[in-house]
Amino acid sequence: FLTFLKGGSCLIGLKDYDMVVSLPVSNTVVILSRLTNLYAVNLMIGIVAIAPMMIVYGTSRNLTWETYLILLVSLMIAPIIPMIAALTIGVLISCVSSHSKHSNIFSLLFSVLGILLFIFAVSQMQTMQAKQVTNVSLMFMELINQYYLPAFLFTKALVYTDFSSLLSFVVLSVVIASVFVIVISYFYKRLNTIAFSHNTQKNFCLEKVKVSSPLGALYKKELKRFFSCTIYALNSSIVMILLFVASTFILFDMQDMIVKQLEALGMISIFQTVLPLMIAMLVSMNCTTSASLSLEGKSRWLMCSAPVEAKTILQSKIAVNLTLVLPILLVSMIFLRIVFPLSIAETVLLFITPTVYTFFIAVIGMWLNIKFPRYDWTSEYYAMKGGAV
């Protein structure tokens, strides 16, 4: 899931491509260096997620040292195939969307759709009874073991302490990763050419020059910048998209059930009180300004030389954050107000509190990006994740 969010951008379309490709190293070495960093991150997350389950499983089953060895080796190898699968999907999305004039919009839509499908599957599991979850889990495991060979090999190695199955699992993971590296290495230059190319299917036509105020022109520039970078748009808008989807789903499908469950638990009054703060917390996770200056990168001199005040530049970046958040926030709050019975004071707080947080997080994100900029990035991902927010 983490790798899918990064997409193919950690391999394709990096800003230092010209410098790296001129070095006396092969494409294979370049790709392996990128994959090593990504593998380390996935391994660390895997350890945090899986290690506690390994400990519980080991203490409840009185496992031998051989089984612990199998678990340890499997933990080291487990991230490889999912990582390669997610990278393959990311590269394919980039290639398919690159043939369109609005390639980044299609890439963003595909990524959001994948995340929403994942969230929907998880939410469906949450609504099941314990017995249903057990039955579905068993059926799901049988299907995985039947059609997904690595899972079958891992299960066989763990249950029967079969080192030959463990060896097969390791070899299969290494082979799949090797094939991926070989294929991407072969098409590496071509894929980067596609990533850096621009759509030229429409003939140039001289039209009247549109004139805008300095703030309006900069605002349009920032808005285009937002939609031109898939990672920037996805990381800066996914929380609000999920809020809108959740509020819509609750209004049209789960309205009675949610209210009845909260009333049965005696938590309806508490929930009504904290609802504005919950939405405000989600709003605080949706900030475009925290990386908007850093994303200028090496071209930041253009803004420095523009005949406009610095305040106007910062206001245009803040305006983009408000444009993206406030409309979605307003619609979501209206939906939630319809679902939950609130008093006049609670309704006012429901609308005022998240709105105030929207302005606050936009300004504080801008301030932090001014204090801790990151201009030396080679990929937009590092500009997004390498700042203070």
# chains A, B, ... in the order shown; residues from 1 in each chain; ligands from 1
>>> select_by_dssp(residues="stretch 289-319 of chain A", states="alpha helix (DSSP H)", output="PDB file with all heavy atoms, in the first residue's frame")
ATOM      1  N   THR A 289       0.108  23.563   1.670  1.00  0.00           N
ATOM      2  CA  THR A 289       1.110  24.615   1.815  1.00  0.00           C
ATOM      3  C   THR A 289       2.394  24.126   2.467  1.00  0.00           C
ATOM      4  O   THR A 289       3.428  24.790   2.364  1.00  0.00           O
ATOM      5  CB  THR A 289       0.539  25.770   2.656  1.00  0.00           C
ATOM      6  OG1 THR A 289       0.073  25.260   3.925  1.00  0.00           O
ATOM      7  CG2 THR A 289      -0.624  26.426   1.941  1.00  0.00           C
ATOM      8  N   SER A 290       2.354  22.984   3.155  1.00  0.00           N
ATOM      9  CA  SER A 290       3.544  22.504   3.858  1.00  0.00           C
ATOM     10  C   SER A 290       4.658  22.105   2.904  1.00  0.00           C
ATOM     11  O   SER A 290       5.804  21.952   3.322  1.00  0.00           O
ATOM     12  CB  SER A 290       3.180  21.311   4.745  1.00  0.00           C
ATOM     13  OG  SER A 290       2.693  20.239   3.962  1.00  0.00           O
ATOM     14  N   ALA A 291       4.332  21.918   1.627  1.00  0.00           N
ATOM     15  CA  ALA A 291       5.352  21.541   0.649  1.00  0.00           C
ATOM     16  C   ALA A 291       5.318  22.411  -0.602  1.00  0.00           C
ATOM     17  O   ALA A 291       6.086  22.184  -1.519  1.00  0.00           O
ATOM     18  CB  ALA A 291       5.180  20.075   0.248  1.00  0.00           C
ATOM     19  N   SER A 292       4.438  23.408  -0.632  1.00  0.00           N
ATOM     20  CA  SER A 292       4.267  24.190  -1.860  1.00  0.00           C
ATOM     21  C   SER A 292       5.516  24.991  -2.216  1.00  0.00           C
ATOM     22  O   SER A 292       5.858  25.135  -3.393  1.00  0.00           O
ATOM     23  CB  SER A 292       3.065  25.123  -1.714  1.00  0.00           C
ATOM     24  OG  SER A 292       3.212  25.962  -0.585  1.00  0.00           O
ATOM     25  N   ARG A 300      12.818  27.988  -8.126  1.00  0.00           N
ATOM     26  CA  ARG A 300      12.306  28.970  -7.174  1.00  0.00           C
ATOM     27  C   ARG A 300      12.785  30.381  -7.505  1.00  0.00           C
ATOM     28  O   ARG A 300      12.182  31.368  -7.058  1.00  0.00           O
ATOM     29  CB  ARG A 300      12.720  28.602  -5.754  1.00  0.00           C
ATOM     30  CG  ARG A 300      14.210  28.659  -5.474  1.00  0.00           C
ATOM     31  CD  ARG A 300      14.511  28.167  -4.064  1.00  0.00           C
ATOM     32  NE  ARG A 300      15.913  28.293  -3.711  1.00  0.00           N
ATOM     33  CZ  ARG A 300      16.837  27.393  -4.003  1.00  0.00           C
ATOM     34  NH1 ARG A 300      16.489  26.297  -4.670  1.00  0.00           N
ATOM     35  NH2 ARG A 300      18.104  27.574  -3.641  1.00  0.00           N
ATOM     36  N   TRP A 301      13.862  30.488  -8.296  1.00  0.00           N
ATOM     37  CA  TRP A 301      14.355  31.805  -8.672  1.00  0.00           C
ATOM     38  C   TRP A 301      13.325  32.572  -9.514  1.00  0.00           C
ATOM     39  O   TRP A 301      13.341  33.815  -9.538  1.00  0.00           O
ATOM     40  CB  TRP A 301      15.668  31.678  -9.455  1.00  0.00           C
ATOM     41  CG  TRP A 301      15.518  30.968 -10.786  1.00  0.00           C
ATOM     42  CD1 TRP A 301      15.617  29.637 -11.009  1.00  0.00           C
ATOM     43  CD2 TRP A 301      15.241  31.588 -12.042  1.00  0.00           C
ATOM     44  NE1 TRP A 301      15.421  29.360 -12.334  1.00  0.00           N
ATOM     45  CE2 TRP A 301      15.192  30.541 -12.999  1.00  0.00           C
ATOM     46  CE3 TRP A 301      15.036  32.896 -12.467  1.00  0.00           C
ATOM     47  CZ2 TRP A 301      14.929  30.785 -14.342  1.00  0.00           C
ATOM     48  CZ3 TRP A 301      14.789  33.137 -13.808  1.00  0.00           C
ATOM     49  CH2 TRP A 301      14.740  32.090 -14.727  1.00  0.00           C
ATOM     50  N   LEU A 302      12.427  31.835 -10.181  1.00  0.00           N
ATOM     51  CA  LEU A 302      11.393  32.505 -10.968  1.00  0.00           C
ATOM     52  C   LEU A 302      10.462  33.308 -10.063  1.00  0.00           C
ATOM     53  O   LEU A 302      10.092  34.442 -10.384  1.00  0.00           O
ATOM     54  CB  LEU A 302      10.592  31.472 -11.766  1.00  0.00           C
ATOM     55  CG  LEU A 302      11.347  30.727 -12.867  1.00  0.00           C
ATOM     56  CD1 LEU A 302      10.475  29.628 -13.451  1.00  0.00           C
ATOM     57  CD2 LEU A 302      11.780  31.698 -13.960  1.00  0.00           C
ATOM     58  N   MET A 303      10.084  32.717  -8.939  1.00  0.00           N
ATOM     59  CA  MET A 303       9.228  33.433  -8.002  1.00  0.00           C
ATOM     60  C   MET A 303       9.980  34.585  -7.329  1.00  0.00           C
ATOM     61  O   MET A 303       9.398  35.639  -7.052  1.00  0.00           O
ATOM     62  CB  MET A 303       8.711  32.476  -6.928  1.00  0.00           C
ATOM     63  CG  MET A 303       7.700  31.453  -7.431  1.00  0.00           C
ATOM     64  SD  MET A 303       6.117  32.186  -7.942  1.00  0.00           S
ATOM     65  CE  MET A 303       6.375  32.336  -9.717  1.00  0.00           C
ATOM     66  N   CYS A 304      11.276  34.369  -7.096  1.00  0.00           N
ATOM     67  CA  CYS A 304      12.059  35.428  -6.460  1.00  0.00           C
ATOM     68  C   CYS A 304      12.239  36.637  -7.377  1.00  0.00           C
ATOM     69  O   CYS A 304      12.357  37.777  -6.904  1.00  0.00           O
ATOM     70  CB  CYS A 304      13.429  34.885  -6.045  1.00  0.00           C
ATOM     71  SG  CYS A 304      13.358  33.601  -4.777  1.00  0.00           S
ATOM     72  N   SER A 305      12.267  36.398  -8.693  1.00  0.00           N
ATOM     73  CA  SER A 305      12.472  37.476  -9.656  1.00  0.00           C
ATOM     74  C   SER A 305      11.170  38.050 -10.195  1.00  0.00           C
ATOM     75  O   SER A 305      11.187  39.022 -10.956  1.00  0.00           O
ATOM     76  CB  SER A 305      13.322  36.977 -10.829  1.00  0.00           C
ATOM     77  OG  SER A 305      12.669  35.889 -11.491  1.00  0.00           O
ATOM     78  N   ALA A 310       6.203  39.209  -1.908  1.00  0.00           N
ATOM     79  CA  ALA A 310       6.274  37.854  -1.354  1.00  0.00           C
ATOM     80  C   ALA A 310       4.944  37.452  -0.731  1.00  0.00           C
ATOM     81  O   ALA A 310       4.531  36.288  -0.796  1.00  0.00           O
ATOM     82  CB  ALA A 310       7.399  37.760  -0.329  1.00  0.00           C
ATOM     83  N   LYS A 311       4.251  38.422  -0.160  1.00  0.00           N
ATOM     84  CA  LYS A 311       2.960  38.136   0.461  1.00  0.00           C
ATOM     85  C   LYS A 311       1.961  37.615  -0.559  1.00  0.00           C
ATOM     86  O   LYS A 311       1.150  36.729  -0.261  1.00  0.00           O
ATOM     87  CB  LYS A 311       2.421  39.401   1.138  1.00  0.00           C
ATOM     88  CG  LYS A 311       1.088  39.209   1.851  1.00  0.00           C
ATOM     89  CD  LYS A 311       0.681  40.467   2.597  1.00  0.00           C
ATOM     90  CE  LYS A 311       0.316  41.566   1.614  1.00  0.00           C
ATOM     91  NZ  LYS A 311      -0.252  42.756   2.324  1.00  0.00           N
ATOM     92  N   THR A 312       2.008  38.156  -1.778  1.00  0.00           N
ATOM     93  CA  THR A 312       1.087  37.713  -2.823  1.00  0.00           C
ATOM     94  C   THR A 312       1.360  36.266  -3.208  1.00  0.00           C
ATOM     95  O   THR A 312       0.431  35.480  -3.430  1.00  0.00           O
ATOM     96  CB  THR A 312       1.220  38.609  -4.062  1.00  0.00           C
ATOM     97  OG1 THR A 312       1.014  39.973  -3.687  1.00  0.00           O
ATOM     98  CG2 THR A 312       0.200  38.226  -5.118  1.00  0.00           C
ATOM     99  N   ILE A 313       2.623  35.889  -3.274  1.00  0.00           N
ATOM    100  CA  ILE A 313       2.985  34.505  -3.595  1.00  0.00           C
ATOM    101  C   ILE A 313       2.475  33.551  -2.528  1.00  0.00           C
ATOM    102  O   ILE A 313       1.893  32.502  -2.825  1.00  0.00           O
ATOM    103  CB  ILE A 313       4.514  34.379  -3.749  1.00  0.00           C
ATOM    104  CG1 ILE A 313       5.014  35.258  -4.900  1.00  0.00           C
ATOM    105  CG2 ILE A 313       4.918  32.924  -3.972  1.00  0.00           C
ATOM    106  CD1 ILE A 313       6.526  35.285  -5.047  1.00  0.00           C
ATOM    107  N   LEU A 314       2.679  33.925  -1.267  1.00  0.00           N
ATOM    108  CA  LEU A 314       2.231  33.068  -0.168  1.00  0.00           C
ATOM    109  C   LEU A 314       0.714  32.993  -0.121  1.00  0.00           C
ATOM    110  O   LEU A 314       0.141  31.927   0.163  1.00  0.00           O
ATOM    111  CB  LEU A 314       2.778  33.597   1.158  1.00  0.00           C
ATOM    112  CG  LEU A 314       4.306  33.726   1.264  1.00  0.00           C
ATOM    113  CD1 LEU A 314       4.703  34.194   2.653  1.00  0.00           C
ATOM    114  CD2 LEU A 314       4.996  32.421   0.922  1.00  0.00           C
ATOM    115  N   GLN A 315       0.039  34.111  -0.398  1.00  0.00           N
ATOM    116  CA  GLN A 315      -1.422  34.103  -0.395  1.00  0.00           C
ATOM    117  C   GLN A 315      -1.981  33.196  -1.488  1.00  0.00           C
ATOM    118  O   GLN A 315      -3.000  32.528  -1.281  1.00  0.00           O
ATOM    119  CB  GLN A 315      -1.942  35.532  -0.594  1.00  0.00           C
ATOM    120  CG  GLN A 315      -1.773  36.418   0.632  1.00  0.00           C
ATOM    121  CD  GLN A 315      -2.187  37.856   0.369  1.00  0.00           C
ATOM    122  OE1 GLN A 315      -2.340  38.271  -0.791  1.00  0.00           O
ATOM    123  NE2 GLN A 315      -2.355  38.640   1.430  1.00  0.00           N
ATOM    124  N   SER A 316      -1.332  33.148  -2.642  1.00  0.00           N
ATOM    125  CA  SER A 316      -1.805  32.271  -3.722  1.00  0.00           C
ATOM    126  C   SER A 316      -1.689  30.805  -3.337  1.00  0.00           C
ATOM    127  O   SER A 316      -2.561  29.991  -3.660  1.00  0.00           O
ATOM    128  CB  SER A 316      -1.006  32.543  -4.996  1.00  0.00           C
ATOM    129  OG  SER A 316       0.359  32.154  -4.849  1.00  0.00           O
ATOM    130  N   LYS A 317      -0.642  30.456  -2.620  1.00  0.00           N
ATOM    131  CA  LYS A 317      -0.467  29.074  -2.184  1.00  0.00           C
ATOM    132  C   LYS A 317      -1.483  28.709  -1.098  1.00  0.00           C
ATOM    133  O   LYS A 317      -2.011  27.595  -1.078  1.00  0.00           O
ATOM    134  CB  LYS A 317       0.961  28.867  -1.671  1.00  0.00           C
ATOM    135  CG  LYS A 317       2.031  29.056  -2.754  1.00  0.00           C
ATOM    136  CD  LYS A 317       3.421  28.870  -2.195  1.00  0.00           C
ATOM    137  CE  LYS A 317       4.485  29.105  -3.259  1.00  0.00           C
ATOM    138  NZ  LYS A 317       4.431  28.122  -4.355  1.00  0.00           N
ATOM    139  N   ILE A 318      -1.756  29.633  -0.208  1.00  0.00           N
ATOM    140  CA  ILE A 318      -2.770  29.398   0.821  1.00  0.00           C
ATOM    141  C   ILE A 318      -4.153  29.290   0.192  1.00  0.00           C
ATOM    142  O   ILE A 318      -4.985  28.465   0.607  1.00  0.00           O
ATOM    143  CB  ILE A 318      -2.731  30.525   1.870  1.00  0.00           C
ATOM    144  CG1 ILE A 318      -1.420  30.461   2.661  1.00  0.00           C
ATOM    145  CG2 ILE A 318      -3.919  30.439   2.816  1.00  0.00           C
ATOM    146  CD1 ILE A 318      -1.217  31.619   3.627  1.00  0.00           C
ATOM    147  N   ALA A 319      -4.413  30.104  -0.837  1.00  0.00           N
ATOM    148  CA  ALA A 319      -5.718  30.078  -1.498  1.00  0.00           C
ATOM    149  C   ALA A 319      -5.997  28.724  -2.144  1.00  0.00           C
ATOM    150  O   ALA A 319      -7.144  28.264  -2.173  1.00  0.00           O
ATOM    151  CB  ALA A 319      -5.794  31.179  -2.552  1.00  0.00           C
TER     152      ALA A 319
END
>>> closest_atom_pairs(of="stretch 12-111 of chain A", to="stretch 154-159 of chain A", cutoff="8 Å", atoms="only C-alpha atoms", output="CSV")
residue,atom,partner,partner_atom,distance
A:Thr67,CA,A:Leu158,CA,6.3
A:Ile70,CA,A:Leu158,CA,6.6
A:Leu71,CA,A:Leu158,CA,7.3
A:Ser74,CA,A:Phe154,CA,7.3
>>> residues_around(residues="stretch 320-333 of chain A", least_positions_apart="4", cutoff="7 Å", atoms="only C-alpha atoms", output="MDAnalysis selection string")
chainID A and resid 219 222:223 240 243:244 247 287:289 316 337 351 358 362
>>> closest_residue(among="A:Asn286, A:Leu350, A:Leu117, A:Leu293", to="A:Phe271", atoms="only C-alpha atoms")
A:Leu350
>>> closest_residue(among="A:Ile268, A:Ala280, A:Ile184, A:Leu43", to="A:Leu342", atoms="only C-alpha atoms")
A:Ile268
>>> decode(residues="stretch 359-370 of chain A", atoms="all heavy atoms", output="mmCIF file, in the first residue's frame")
data_model
loop_
_atom_site.group_PDB
_atom_site.id
_atom_site.type_symbol
_atom_site.label_atom_id
_atom_site.label_comp_id
_atom_site.auth_asym_id
_atom_site.auth_seq_id
_atom_site.Cartn_x
_atom_site.Cartn_y
_atom_site.Cartn_z
ATOM 1 N N PHE A 359 -8.184 27.336 7.889
ATOM 2 C CA PHE A 359 -7.357 28.531 7.744
ATOM 3 C C PHE A 359 -6.070 28.407 8.559
ATOM 4 O O PHE A 359 -4.985 28.797 8.102
ATOM 5 C CB PHE A 359 -8.137 29.774 8.178
ATOM 6 C CG PHE A 359 -9.170 30.214 7.185
ATOM 7 C CD1 PHE A 359 -10.462 29.716 7.234
ATOM 8 C CD2 PHE A 359 -8.849 31.125 6.191
ATOM 9 C CE1 PHE A 359 -11.421 30.118 6.316
ATOM 10 C CE2 PHE A 359 -9.803 31.534 5.271
ATOM 11 C CZ PHE A 359 -11.084 31.029 5.330
ATOM 12 N N PHE A 360 -6.197 27.840 9.759
ATOM 13 C CA PHE A 360 -5.024 27.722 10.628
ATOM 14 C C PHE A 360 -3.969 26.803 10.017
ATOM 15 O O PHE A 360 -2.785 27.157 9.960
ATOM 16 C CB PHE A 360 -5.451 27.193 11.998
ATOM 17 C CG PHE A 360 -4.287 26.817 12.880
ATOM 18 C CD1 PHE A 360 -3.531 27.793 13.505
ATOM 19 C CD2 PHE A 360 -3.955 25.478 13.078
ATOM 20 C CE1 PHE A 360 -2.459 27.444 14.319
ATOM 21 C CE2 PHE A 360 -2.881 25.131 13.877
ATOM 22 C CZ PHE A 360 -2.134 26.113 14.503
ATOM 23 N N ILE A 361 -4.382 25.621 9.555
ATOM 24 C CA ILE A 361 -3.411 24.662 9.043
ATOM 25 C C ILE A 361 -2.785 25.151 7.743
ATOM 26 O O ILE A 361 -1.617 24.866 7.456
ATOM 27 C CB ILE A 361 -4.063 23.265 8.849
ATOM 28 C CG1 ILE A 361 -2.975 22.192 8.705
ATOM 29 C CG2 ILE A 361 -4.985 23.246 7.650
ATOM 30 C CD1 ILE A 361 -2.100 22.015 9.902
ATOM 31 N N ALA A 362 -3.539 25.917 6.947
ATOM 32 C CA ALA A 362 -2.970 26.473 5.721
ATOM 33 C C ALA A 362 -1.869 27.477 6.037
ATOM 34 O O ALA A 362 -0.798 27.483 5.411
ATOM 35 C CB ALA A 362 -4.070 27.128 4.882
ATOM 36 N N VAL A 363 -2.109 28.328 7.035
ATOM 37 C CA VAL A 363 -1.117 29.341 7.404
ATOM 38 C C VAL A 363 0.064 28.716 8.120
ATOM 39 O O VAL A 363 1.235 29.030 7.819
ATOM 40 C CB VAL A 363 -1.777 30.427 8.282
ATOM 41 C CG1 VAL A 363 -0.729 31.424 8.786
ATOM 42 C CG2 VAL A 363 -2.852 31.162 7.501
ATOM 43 N N ILE A 364 -0.186 27.823 9.076
ATOM 44 C CA ILE A 364 0.914 27.212 9.822
ATOM 45 C C ILE A 364 1.749 26.309 8.922
ATOM 46 O O ILE A 364 2.972 26.215 9.070
ATOM 47 C CB ILE A 364 0.379 26.421 11.047
ATOM 48 C CG1 ILE A 364 1.503 26.171 12.050
ATOM 49 C CG2 ILE A 364 -0.250 25.112 10.631
ATOM 50 C CD1 ILE A 364 2.045 27.421 12.697
ATOM 51 N N GLY A 365 1.115 25.659 7.947
ATOM 52 C CA GLY A 365 1.873 24.861 6.989
ATOM 53 C C GLY A 365 2.771 25.724 6.136
ATOM 54 O O GLY A 365 3.928 25.365 5.849
ATOM 55 N N MET A 366 2.268 26.889 5.727
ATOM 56 C CA MET A 366 3.070 27.835 4.955
ATOM 57 C C MET A 366 4.251 28.331 5.772
ATOM 58 O O MET A 366 5.382 28.428 5.283
ATOM 59 C CB MET A 366 2.182 29.004 4.535
ATOM 60 C CG MET A 366 2.786 29.951 3.510
ATOM 61 S SD MET A 366 2.660 29.317 1.828
ATOM 62 C CE MET A 366 4.239 28.496 1.652
ATOM 63 N N TRP A 367 4.001 28.638 7.041
ATOM 64 C CA TRP A 367 5.063 29.133 7.921
ATOM 65 C C TRP A 367 6.154 28.084 8.124
ATOM 66 O O TRP A 367 7.354 28.393 8.074
ATOM 67 C CB TRP A 367 4.450 29.542 9.259
ATOM 68 C CG TRP A 367 5.456 30.079 10.237
ATOM 69 C CD1 TRP A 367 5.982 31.341 10.281
ATOM 70 C CD2 TRP A 367 6.067 29.360 11.318
ATOM 71 N NE1 TRP A 367 6.876 31.463 11.317
ATOM 72 C CE2 TRP A 367 6.950 30.262 11.966
ATOM 73 C CE3 TRP A 367 5.962 28.056 11.797
ATOM 74 C CZ2 TRP A 367 7.708 29.884 13.070
ATOM 75 C CZ3 TRP A 367 6.712 27.681 12.891
ATOM 76 C CH2 TRP A 367 7.575 28.584 13.514
ATOM 77 N N LEU A 368 5.746 26.841 8.330
ATOM 78 C CA LEU A 368 6.723 25.772 8.532
ATOM 79 C C LEU A 368 7.538 25.505 7.271
ATOM 80 O O LEU A 368 8.733 25.208 7.346
ATOM 81 C CB LEU A 368 6.011 24.494 8.979
ATOM 82 C CG LEU A 368 5.465 24.500 10.405
ATOM 83 C CD1 LEU A 368 4.613 23.262 10.663
ATOM 84 C CD2 LEU A 368 6.597 24.580 11.424
ATOM 85 N N ASN A 369 6.901 25.628 6.118
ATOM 86 C CA ASN A 369 7.644 25.410 4.872
ATOM 87 C C ASN A 369 8.640 26.540 4.627
ATOM 88 O O ASN A 369 9.698 26.323 4.032
ATOM 89 C CB ASN A 369 6.672 25.300 3.703
ATOM 90 C CG ASN A 369 7.306 24.652 2.488
ATOM 91 O OD1 ASN A 369 6.854 24.820 1.362
ATOM 92 N ND2 ASN A 369 8.362 23.892 2.692
ATOM 93 N N ILE A 370 8.302 27.749 5.086
ATOM 94 C CA ILE A 370 9.263 28.857 4.994
ATOM 95 C C ILE A 370 10.452 28.611 5.911
ATOM 96 O O ILE A 370 11.606 28.856 5.542
ATOM 97 C CB ILE A 370 8.570 30.187 5.345
ATOM 98 C CG1 ILE A 370 7.519 30.533 4.292
ATOM 99 C CG2 ILE A 370 9.586 31.318 5.462
ATOM 100 C CD1 ILE A 370 6.662 31.734 4.658
#
